[in-house]
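> Next up, work_31.txt (compact mmCIF, C-alpha atoms).
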# COMPACT_ATOMS: atom_id res chain seq x y z
CA MET A 15 -20.04 29.47 -45.83
CA THR A 16 -18.94 26.37 -47.64
CA ARG A 17 -20.22 25.48 -51.08
CA ALA A 18 -22.13 22.50 -49.65
CA HIS A 19 -23.69 24.69 -46.95
CA ARG A 20 -24.85 27.25 -49.50
CA GLN A 21 -26.35 24.53 -51.70
CA ARG A 22 -28.12 23.01 -48.70
CA HIS A 23 -29.59 26.43 -47.88
CA LEU A 24 -30.82 26.86 -51.42
CA LEU A 25 -32.37 23.39 -51.47
CA ILE A 26 -34.13 23.93 -48.14
CA TRP A 27 -35.68 27.20 -49.28
CA LEU A 28 -36.61 25.86 -52.71
CA ILE A 29 -38.67 23.22 -50.85
CA LEU A 30 -39.89 25.36 -47.95
CA THR A 31 -41.09 28.35 -50.00
CA PRO A 32 -43.78 26.49 -52.02
CA VAL A 33 -44.78 24.48 -48.93
CA ILE A 34 -45.36 27.69 -46.94
CA ALA A 35 -47.19 29.27 -49.89
CA ILE A 36 -49.51 26.25 -50.22
CA ILE A 37 -50.24 26.19 -46.47
CA LEU A 38 -51.08 29.91 -46.48
CA TRP A 39 -53.20 29.59 -49.62
CA GLN A 40 -55.13 26.57 -48.35
CA SER A 41 -55.65 28.09 -44.91
CA LEU A 42 -57.19 31.21 -46.45
CA LEU A 43 -59.22 29.16 -48.92
CA HIS A 44 -60.81 27.03 -46.18
CA ARG A 45 -61.30 29.88 -43.76
CA PRO A 46 -64.82 29.79 -42.29
CA GLU A 47 -66.99 32.69 -43.52
CA ALA A 48 -68.02 33.48 -39.98
CA PRO A 49 -64.74 32.97 -38.16
CA VAL A 50 -65.03 30.99 -34.98
CA ASN A 51 -62.49 29.09 -32.94
CA ASP A 52 -63.66 25.63 -33.85
CA SER A 53 -60.24 24.07 -33.58
CA LEU A 54 -60.54 23.70 -29.83
CA PRO A 55 -63.09 21.42 -28.20
CA PRO A 56 -66.02 23.54 -26.93
CA LEU A 57 -65.96 21.68 -23.65
CA LEU A 58 -62.40 22.71 -23.01
CA THR A 59 -62.94 26.37 -23.87
CA GLU A 60 -66.14 26.51 -21.82
CA GLU A 61 -64.38 24.90 -18.92
CA ALA A 62 -61.49 27.31 -19.24
CA GLY A 63 -63.93 30.23 -19.34
CA MET B 7 -12.78 26.58 -30.27
CA ALA B 8 -11.53 24.79 -27.23
CA ALA B 9 -14.40 23.76 -24.95
CA SER B 10 -12.81 25.49 -21.96
CA TYR B 11 -13.00 28.94 -23.51
CA LYS B 12 -16.06 31.15 -23.73
CA ILE B 13 -16.18 33.16 -26.93
CA VAL B 14 -19.58 34.64 -26.02
CA THR B 15 -18.40 37.03 -23.39
CA TRP B 16 -20.66 39.67 -21.91
CA THR B 17 -19.03 42.71 -23.50
CA PRO B 18 -20.45 46.20 -22.87
CA PHE B 19 -21.89 46.11 -26.39
CA LYS B 20 -23.69 42.83 -25.73
CA LYS B 21 -25.02 44.22 -22.43
CA ARG B 22 -26.39 47.29 -24.23
CA PHE B 23 -27.83 45.08 -26.97
CA ASP B 24 -29.61 42.84 -24.46
CA LEU B 25 -30.91 45.84 -22.52
CA TRP B 26 -32.39 47.35 -25.68
CA LEU B 27 -33.84 43.97 -26.58
CA LEU B 28 -35.62 43.70 -23.23
CA VAL B 29 -36.88 47.29 -23.49
CA GLY B 30 -38.13 46.56 -27.03
CA ILE B 31 -39.98 43.44 -25.83
CA ALA B 32 -41.62 45.35 -22.98
CA VAL B 33 -42.67 48.18 -25.31
CA TYR B 34 -44.13 45.69 -27.82
CA LEU B 35 -46.13 43.82 -25.18
CA VAL B 36 -47.55 46.99 -23.64
CA THR B 37 -48.36 48.50 -27.05
CA PHE B 38 -50.02 45.28 -28.27
CA ILE B 39 -52.20 44.99 -25.18
CA LEU B 40 -53.17 48.68 -25.30
CA ILE B 41 -54.08 48.59 -28.99
CA THR B 42 -55.99 45.30 -28.62
CA SER B 43 -57.92 46.64 -25.64
CA LEU B 44 -58.83 49.90 -27.35
CA SER B 45 -59.71 48.37 -30.74
CA GLN B 46 -61.70 45.44 -29.38
CA PRO B 47 -65.20 45.08 -30.92
CA VAL B 48 -68.06 45.39 -28.46
CA ASP B 49 -69.30 41.84 -29.12
CA GLU B 50 -65.87 40.31 -28.53
CA THR B 51 -64.05 40.44 -25.23
CA PHE B 52 -60.58 39.09 -24.85
CA THR B 53 -59.51 38.20 -21.34
CA PRO B 54 -56.15 39.59 -20.19
CA ILE B 55 -54.72 36.06 -20.43
CA GLN B 56 -55.83 35.74 -24.05
CA MET B 57 -54.33 39.15 -24.82
CA LEU B 58 -51.03 38.07 -23.29
CA MET B 59 -51.13 34.85 -25.33
CA ARG B 60 -51.58 36.85 -28.51
CA ALA B 61 -48.93 39.38 -27.52
CA PHE B 62 -46.28 36.76 -26.73
CA GLY B 63 -47.26 34.62 -29.73
CA THR B 64 -47.05 37.41 -32.29
CA LEU B 65 -43.81 38.68 -30.74
CA ALA B 66 -42.19 35.22 -30.90
CA PHE B 67 -43.13 34.85 -34.58
CA LEU B 68 -41.92 38.33 -35.50
CA LEU B 69 -38.66 37.84 -33.59
CA LEU B 70 -38.02 34.51 -35.32
CA SER B 71 -38.80 36.04 -38.70
CA PHE B 72 -36.32 38.83 -37.98
CA ILE B 73 -33.66 36.37 -36.81
CA LEU B 74 -34.00 34.41 -40.05
CA CYS B 75 -33.58 37.64 -42.02
CA ILE B 76 -30.33 38.60 -40.24
CA GLY B 77 -28.06 36.13 -42.09
CA PRO B 78 -29.15 37.14 -45.62
CA LEU B 79 -29.29 40.85 -44.71
CA ALA B 80 -25.76 40.76 -43.25
CA ARG B 81 -24.57 39.35 -46.58
CA LEU B 82 -26.23 42.24 -48.41
CA THR B 83 -25.25 45.11 -46.09
CA LEU B 84 -22.75 45.64 -43.28
CA ARG B 85 -25.40 47.41 -41.17
CA PHE B 86 -26.74 44.07 -39.94
CA LYS B 87 -23.40 42.67 -38.74
CA PRO B 88 -24.06 43.70 -35.08
CA PHE B 89 -27.27 41.66 -35.17
CA LEU B 90 -25.34 38.73 -36.66
CA TYR B 91 -22.89 38.79 -33.73
CA ASN B 92 -25.81 38.79 -31.27
CA ARG B 93 -28.07 36.37 -33.07
CA ARG B 94 -27.76 33.73 -30.35
CA HIS B 95 -29.02 36.15 -27.70
CA LEU B 96 -31.99 36.93 -29.93
CA GLY B 97 -32.62 33.22 -30.51
CA VAL B 98 -32.60 32.31 -26.83
CA THR B 99 -34.86 35.29 -26.07
CA THR B 100 -37.26 34.15 -28.79
CA PHE B 101 -37.45 30.70 -27.22
CA PHE B 102 -38.44 32.19 -23.84
CA VAL B 103 -41.04 34.47 -25.45
CA ALA B 104 -42.50 31.46 -27.29
CA LEU B 105 -42.39 29.44 -24.06
CA PHE B 106 -44.51 32.09 -22.28
CA HIS B 107 -47.04 31.92 -25.12
CA ALA B 108 -47.10 28.11 -25.02
CA ALA B 109 -47.34 27.94 -21.22
CA LEU B 110 -50.25 30.40 -21.11
CA SER B 111 -52.09 28.64 -23.95
CA THR B 112 -51.57 25.16 -22.52
CA LEU B 113 -52.70 26.17 -19.04
CA TRP B 114 -55.67 28.14 -20.32
CA TYR B 115 -57.03 25.65 -22.85
CA HIS B 116 -55.77 22.32 -21.51
CA GLY B 117 -54.94 22.85 -17.85
CA PHE B 118 -58.49 22.35 -16.59
CA SER B 119 -59.06 18.96 -18.17
CA ASP B 120 -58.53 15.54 -16.57
CA VAL B 121 -56.20 14.63 -19.42
CA ASN B 122 -52.50 15.42 -19.13
CA PRO B 123 -52.18 18.91 -20.70
CA PHE B 124 -49.32 17.86 -22.99
CA LEU B 125 -51.28 14.82 -24.18
CA SER B 126 -54.40 16.94 -24.51
CA ILE B 127 -52.62 19.17 -27.06
CA PHE B 128 -52.37 16.18 -29.40
CA VAL B 129 -55.55 14.20 -28.66
CA SER B 130 -58.27 16.57 -27.48
CA ASN B 131 -58.98 17.62 -31.06
CA PRO B 132 -58.63 14.65 -33.43
CA ARG B 133 -59.49 16.58 -36.62
CA TYR B 134 -56.13 16.01 -38.29
CA ASP B 135 -57.89 15.64 -41.67
CA SER B 136 -59.42 19.11 -41.49
CA ILE B 137 -57.84 22.42 -42.50
CA ALA B 138 -60.12 24.86 -40.67
CA GLY B 139 -60.29 22.62 -37.59
CA PHE B 140 -56.75 21.19 -37.58
CA PRO B 141 -55.25 20.80 -34.09
CA PHE B 142 -52.77 23.56 -34.81
CA GLU B 143 -51.38 23.58 -31.28
CA SER B 144 -49.53 20.33 -31.98
CA LEU B 145 -47.53 22.12 -34.71
CA GLY B 146 -46.60 24.88 -32.29
CA PHE B 147 -45.52 22.32 -29.71
CA VAL B 148 -43.11 20.61 -32.14
CA ALA B 149 -41.74 24.00 -33.24
CA LEU B 150 -41.20 24.98 -29.60
CA PHE B 151 -39.33 21.73 -28.95
CA ILE B 152 -36.96 22.54 -31.83
CA LEU B 153 -36.45 26.06 -30.46
CA PHE B 154 -35.69 24.51 -27.07
CA LEU B 155 -33.02 22.23 -28.58
CA MET B 156 -31.46 25.22 -30.27
CA ALA B 157 -31.57 27.46 -27.21
CA ALA B 158 -30.11 24.72 -25.01
CA THR B 159 -27.17 24.21 -27.38
CA SER B 160 -26.60 27.89 -28.17
CA HIS B 161 -23.16 27.97 -26.66
CA ASP B 162 -19.70 27.27 -28.00
CA PHE B 163 -19.38 24.47 -25.46
CA TRP B 164 -21.93 22.51 -27.50
CA ASN B 165 -20.44 23.64 -30.79
CA ALA B 166 -17.09 22.21 -29.66
CA ASN B 167 -18.56 18.99 -28.27
CA LEU B 168 -20.97 18.19 -31.08
CA GLY B 169 -18.59 19.44 -33.77
CA PRO B 170 -19.40 22.35 -36.12
CA ARG B 171 -21.00 20.12 -38.77
CA LEU B 172 -23.52 18.40 -36.44
CA TRP B 173 -24.13 21.62 -34.50
CA LYS B 174 -24.89 23.53 -37.70
CA THR B 175 -27.16 20.73 -38.95
CA LEU B 176 -29.05 20.77 -35.65
CA HIS B 177 -29.46 24.53 -35.82
CA MET B 178 -30.67 24.38 -39.41
CA LEU B 179 -33.79 22.73 -37.96
CA VAL B 180 -34.85 26.32 -37.32
CA TYR B 181 -36.19 26.38 -40.88
CA LEU B 182 -38.43 23.42 -40.11
CA ALA B 183 -39.54 25.18 -36.93
CA TYR B 184 -40.36 28.29 -38.95
CA GLY B 185 -42.45 26.28 -41.43
CA LEU B 186 -44.29 24.64 -38.53
CA LEU B 187 -44.93 28.04 -36.94
CA VAL B 188 -46.34 29.45 -40.18
CA ALA B 189 -48.68 26.42 -40.35
CA HIS B 190 -49.48 26.79 -36.62
CA ILE B 191 -50.65 30.37 -37.16
CA ALA B 192 -52.28 29.79 -40.57
CA LEU B 193 -54.35 26.86 -39.30
CA GLY B 194 -54.89 28.47 -35.91
CA ALA B 195 -55.32 32.20 -35.37
CA ILE B 196 -55.94 32.96 -39.05
CA GLN B 197 -58.98 30.63 -39.06
CA PHE B 198 -60.86 32.61 -36.45
CA GLU B 199 -59.21 36.02 -36.35
CA LYS B 200 -61.21 38.70 -38.15
CA ASP B 201 -58.54 41.41 -38.24
CA PRO B 202 -56.71 41.29 -41.63
CA ILE B 203 -53.53 42.58 -40.00
CA TYR B 204 -52.79 39.04 -38.80
CA VAL B 205 -52.95 37.69 -42.36
CA ALA B 206 -50.75 40.57 -43.55
CA LEU B 207 -48.17 40.01 -40.78
CA LEU B 208 -48.01 36.27 -41.38
CA GLY B 209 -47.91 36.38 -45.18
CA GLY B 210 -45.62 39.41 -45.31
CA SER B 211 -43.10 38.01 -42.84
CA ALA B 212 -42.97 34.58 -44.49
CA ALA B 213 -42.61 36.15 -47.95
CA ILE B 214 -39.74 38.43 -46.83
CA VAL B 215 -37.88 35.60 -45.09
CA ALA B 216 -38.22 33.23 -48.07
CA ALA B 217 -37.32 35.90 -50.64
CA LEU B 218 -34.19 37.01 -48.75
CA HIS B 219 -32.94 33.45 -48.35
CA LEU B 220 -33.51 32.56 -51.99
CA LEU B 221 -31.97 35.84 -53.16
CA THR B 222 -28.76 35.43 -51.16
CA ALA B 223 -28.46 31.70 -51.86
CA LEU B 224 -28.61 32.38 -55.60
CA LYS B 225 -26.42 35.50 -55.46
CA PRO B 226 -22.72 34.86 -56.05
CA SER B 227 -20.66 36.10 -53.10
CA GLY B 228 -18.02 38.79 -53.50
CA HIS B 229 -15.43 38.56 -56.26
CA ILE B 230 -15.73 34.87 -57.05
CA THR B 231 -13.57 33.41 -59.74
CA GLN B 232 -14.02 29.88 -61.02
CA ALA B 233 -10.43 28.78 -61.40
CA PRO B 234 -9.03 26.52 -64.10
CA ALA B 235 -7.47 23.23 -63.11
CA THR B 236 -3.90 24.44 -62.69
CA ASP B 237 -1.45 24.64 -59.81
CA TRP B 238 -1.29 28.43 -59.82
CA ILE B 239 -4.50 30.36 -60.31
CA GLU B 240 -4.68 33.92 -61.58
CA VAL B 241 -6.48 36.17 -59.09
CA GLY B 242 -6.29 39.44 -61.03
CA PRO B 243 -4.38 42.74 -61.05
CA ALA B 244 -3.01 43.57 -57.59
CA GLY B 245 -3.94 47.22 -58.09
CA ASP B 246 -7.61 46.31 -58.50
CA MET B 247 -7.81 44.54 -55.16
CA VAL B 248 -9.55 46.53 -52.42
CA ASP B 249 -7.55 47.05 -49.24
CA ALA B 250 -8.59 44.81 -46.30
CA LYS B 251 -10.93 42.80 -48.54
CA ALA B 252 -10.63 39.50 -50.38
CA ARG B 253 -11.18 37.99 -53.76
CA ILE B 254 -12.69 34.54 -53.48
CA ILE B 255 -11.31 31.85 -55.74
CA ARG B 256 -13.07 28.55 -56.23
CA PRO B 257 -10.66 25.86 -57.47
CA ARG B 258 -11.98 22.97 -59.52
CA SER B 259 -11.61 20.79 -56.46
CA GLY B 260 -11.37 21.61 -52.78
CA GLU B 261 -12.73 24.51 -50.79
CA ALA B 262 -12.73 28.15 -51.84
CA ILE B 263 -9.68 30.36 -51.23
CA ALA B 264 -9.84 33.91 -49.84
CA VAL B 265 -7.03 36.08 -51.27
CA PHE B 266 -6.75 39.21 -49.14
CA ARG B 267 -5.03 42.51 -49.71
CA ASP B 268 -3.70 44.06 -46.51
CA GLY B 269 -2.12 47.43 -47.31
CA GLN B 270 0.67 46.71 -49.78
CA THR B 271 0.71 42.96 -49.22
CA VAL B 272 -1.35 40.04 -50.49
CA ALA B 273 -1.85 36.69 -48.74
CA ALA B 274 -4.36 33.86 -48.95
CA VAL B 275 -6.17 31.65 -46.45
CA SER B 276 -9.05 29.19 -46.61
CA HIS B 277 -12.45 30.81 -47.24
CA VAL B 278 -14.05 28.61 -44.54
CA CYS B 279 -13.98 29.64 -40.87
CA ARG B 280 -13.17 26.81 -38.45
CA HIS B 281 -15.83 27.98 -36.00
CA GLN B 282 -19.04 27.36 -37.95
CA GLY B 283 -17.96 27.36 -41.58
CA GLY B 284 -18.51 31.11 -41.99
CA PRO B 285 -17.36 32.88 -45.19
CA LEU B 286 -13.94 34.29 -44.20
CA GLY B 287 -13.50 35.85 -47.63
CA GLU B 288 -16.49 38.10 -46.98
CA GLY B 289 -14.85 39.44 -43.84
CA LEU B 290 -12.28 42.20 -43.41
CA VAL B 291 -8.63 42.32 -42.39
CA ILE B 292 -8.47 44.13 -39.06
CA ASP B 293 -5.04 44.71 -37.49
CA GLY B 294 -3.51 42.01 -39.68
CA CYS B 295 -6.20 39.48 -38.81
CA VAL B 296 -8.90 38.11 -41.10
CA THR B 297 -12.19 38.57 -39.24
CA CYS B 298 -15.08 36.22 -39.94
CA PRO B 299 -18.29 38.15 -40.67
CA TRP B 300 -20.44 35.64 -38.81
CA HIS B 301 -19.11 35.65 -35.25
CA GLY B 302 -15.92 37.72 -35.36
CA PHE B 303 -13.43 34.83 -35.19
CA GLN B 304 -9.99 36.09 -36.17
CA TYR B 305 -7.02 34.46 -37.90
CA ARG B 306 -3.60 35.99 -38.56
CA LEU B 307 -3.24 36.52 -42.29
CA THR B 308 0.43 35.58 -42.11
CA ASP B 309 -0.07 32.03 -40.79
CA GLY B 310 -3.83 31.32 -40.48
CA THR B 311 -3.72 30.88 -36.69
CA SER B 312 -6.13 32.40 -34.16
CA LEU B 313 -4.84 34.84 -31.59
CA PRO B 314 -4.15 33.32 -28.15
CA PRO B 315 -5.86 31.91 -26.16
CA PHE B 316 -7.79 30.49 -29.13
CA THR B 317 -6.29 27.60 -31.03
CA GLU B 318 -8.14 27.39 -34.37
CA LYS B 319 -6.10 27.30 -37.56
CA VAL B 320 -7.07 27.60 -41.20
CA ALA B 321 -5.11 26.49 -44.25
CA THR B 322 -2.86 29.03 -45.92
CA TYR B 323 -2.05 29.27 -49.62
CA PRO B 324 1.19 30.57 -51.19
CA THR B 325 0.79 33.66 -53.36
CA ARG B 326 3.02 35.46 -55.85
CA ILE B 327 2.77 38.60 -57.97
CA GLU B 328 4.11 38.69 -61.53
CA ASN B 329 3.84 41.81 -63.69
CA GLY B 330 1.28 43.23 -61.28
CA ILE B 331 -0.94 40.11 -61.48
CA VAL B 332 -1.65 38.15 -58.30
CA TYR B 333 -1.49 34.35 -58.39
CA VAL B 334 -2.45 31.87 -55.69
CA ARG B 335 -1.48 28.21 -55.50
CA ALA B 336 -4.49 25.90 -55.65
CA ILE B 337 -2.96 23.39 -53.21
CA PRO B 338 -3.27 24.46 -49.55
CA ASP B 339 -0.48 24.31 -47.00
CA PRO B 340 -1.42 22.61 -43.71
CA PRO B 341 -3.49 24.82 -41.35
CA GLY B 342 -1.27 27.28 -39.48
CA THR B 343 1.64 27.19 -41.95
CA PRO B 344 3.45 30.57 -41.96
CA GLN B 345 3.53 32.27 -45.34
CA THR B 346 5.40 35.21 -46.74
CA PRO B 347 2.89 37.76 -48.03
CA SER B 348 3.51 39.00 -51.58
CA ILE B 349 4.42 42.66 -51.66
CA ILE B 350 2.53 44.76 -54.22
CA ARG B 351 4.93 47.72 -54.32
CA ALA B 352 7.99 45.53 -54.85
CA ALA B 353 6.25 43.65 -57.62
CA ARG B 354 5.61 46.87 -59.55
CA VAL B 355 9.26 48.01 -59.44
Spit out the file's structure as structure tokens when you get a sec.

Amino acid sequence: MTRAHRQRHLLIWLILTPVIAIILWQSLLHRPEAPVNDSLPPLLTEEAG
Amino acid sequence: MAASYKIVTWTPFKKRFDLWLLVGIAVYLVTFILITSLSQPVDETFTPIQMLMRAFGTLAFLLLSFILCIGPLARLTLRFKPFLYNRRHLGVTTFFVALFHAALSTLWYHGFSDVNPFLSIFVSNPRYDSIAGFPFESLGFVALFILFLMAATSHDFWNANLGPRLWKTLHMLVYLAYGLLVAHIALGAIQFEKDPIYVALLGGSAAIVAALHLLTALKPSGHITQAPATDWIEVGPAGDMVDAKARIIRPRSGEAIAVFRDGQTVAAVSHVCRHQGGPLGEGLVIDGCVTCPWHGFQYRLTDGTSLPPFTEKVATYPTRIENGIVYVRAIPDPPGTPQTPSIIRAARV
């Protein structure tokens, strides 16, 4: 692994780690109390059913 | 690597590895479906299709998480080297597992609409400003497209044609794909899945992958010496060098040098493998050849050339031993230049 490659790896993970942590944190914070699949249009899911 | 040669040959080991991989996938899918069926709450009934979606989806995420752990783990322990050599097979398999998940989901949730199913993924739910209702499938679609690009170019033919630098850059998009997948699951299944095991699997896997990458990126590799700006750099006492292993020297300018001991001789080559820039100095000398720990590419220690029919060459560096101390010249000889290894025993006499 070249020096530049190692530094690029480090930079990527220094950026990606907090981004992933924030996404996880926010997704749990905004989780509906009564979990339902509201991300899909009801019409589509009904139709599929 | 010349484009006409195939380094990824189907050796008996690779056949066994792939067989075990397929058996493992089958066992996971059956176990997942059985456990989901038996533990299903009375008020909630998953259809077999939905169970398959979940099974393939979780498997694809776990496989990708494992693949991303292989590189750092192989740098920490030799036990993971076999996985490193077969990482491409795992990657292509992961793409197909993810493709099954995507195909089932797209057909099930978007296949019955008048809108084109692929368009429907992006437009049927316009709540891009919401967290709980975000159209998470679009994130999965982009991640799958990246995995497709990687699977399609997972062959040395493409490595040779695109060049190692572009090929490696393309394949580093896997980190973006992983971030998108974490978001896909966090904004998707986690929003409506009651079982905490999904949160634990997602958070735990992402934390392990990130921690391993940061740990190994910050950890200095092997015996690294920052060399002063001189022509000849002191490597250290010859007697302290471990047989078949290298000390890595980083000159003030230029790439790192791997100074290997092979029995009673010492010789130096470039630390950077010509295949994909792997760390040659972290590999071993096997039968007189430096073996890259990433994909097993080999170079003769005496002249830095690959064994026929391969044609790669790495730079060599003159060495000398004075009063039991090994020195290496900071200026490389052209790739493939024969060198006379320094002899440890003779130097002690």
> Which neighbours of segment 25-34 of chain A fall inside 12 Å, counting all atoms listed in the file, when residues of the same chain fewer than 4 positions from it are skipped, and could you give them as number ranges by chain?
A: 18-21, 38-41; B: 74, 175, 178-193, 208-224
> So how many Å separate atom CA of Arg280 of chain B and atom CA of Cys295 of chain B, to one decimal?
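Atom CA of Arg280 of chain B sits 14.5 Å away from atom CA of Cys295 of chain B.
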> Determine which residues of chain B sit within 7 Å of chain A, taking into account all atoms listed in the file, and present them as a list in words.
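Residues passing the distance filter: Trp114, Tyr115, His116, Phe118, Ser119, Ser130, Asn131, Ile137, Ala138, Gly139, Phe140, Pro141, Gly185, Ala189, Ala192, Leu193, Gln197, Phe198, Glu199, Lys200, Ala216, His219, Leu220, Ala223, Val278, Gly283, Gly284 and Pro285 of chain B.
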> So which residues touch Val248 of chain B within 10 Å, counting all atoms listed in the file, skipping near sequence neighbours fewer than 6 positions away, as a ChimeraX atom specification?
/B:266-269
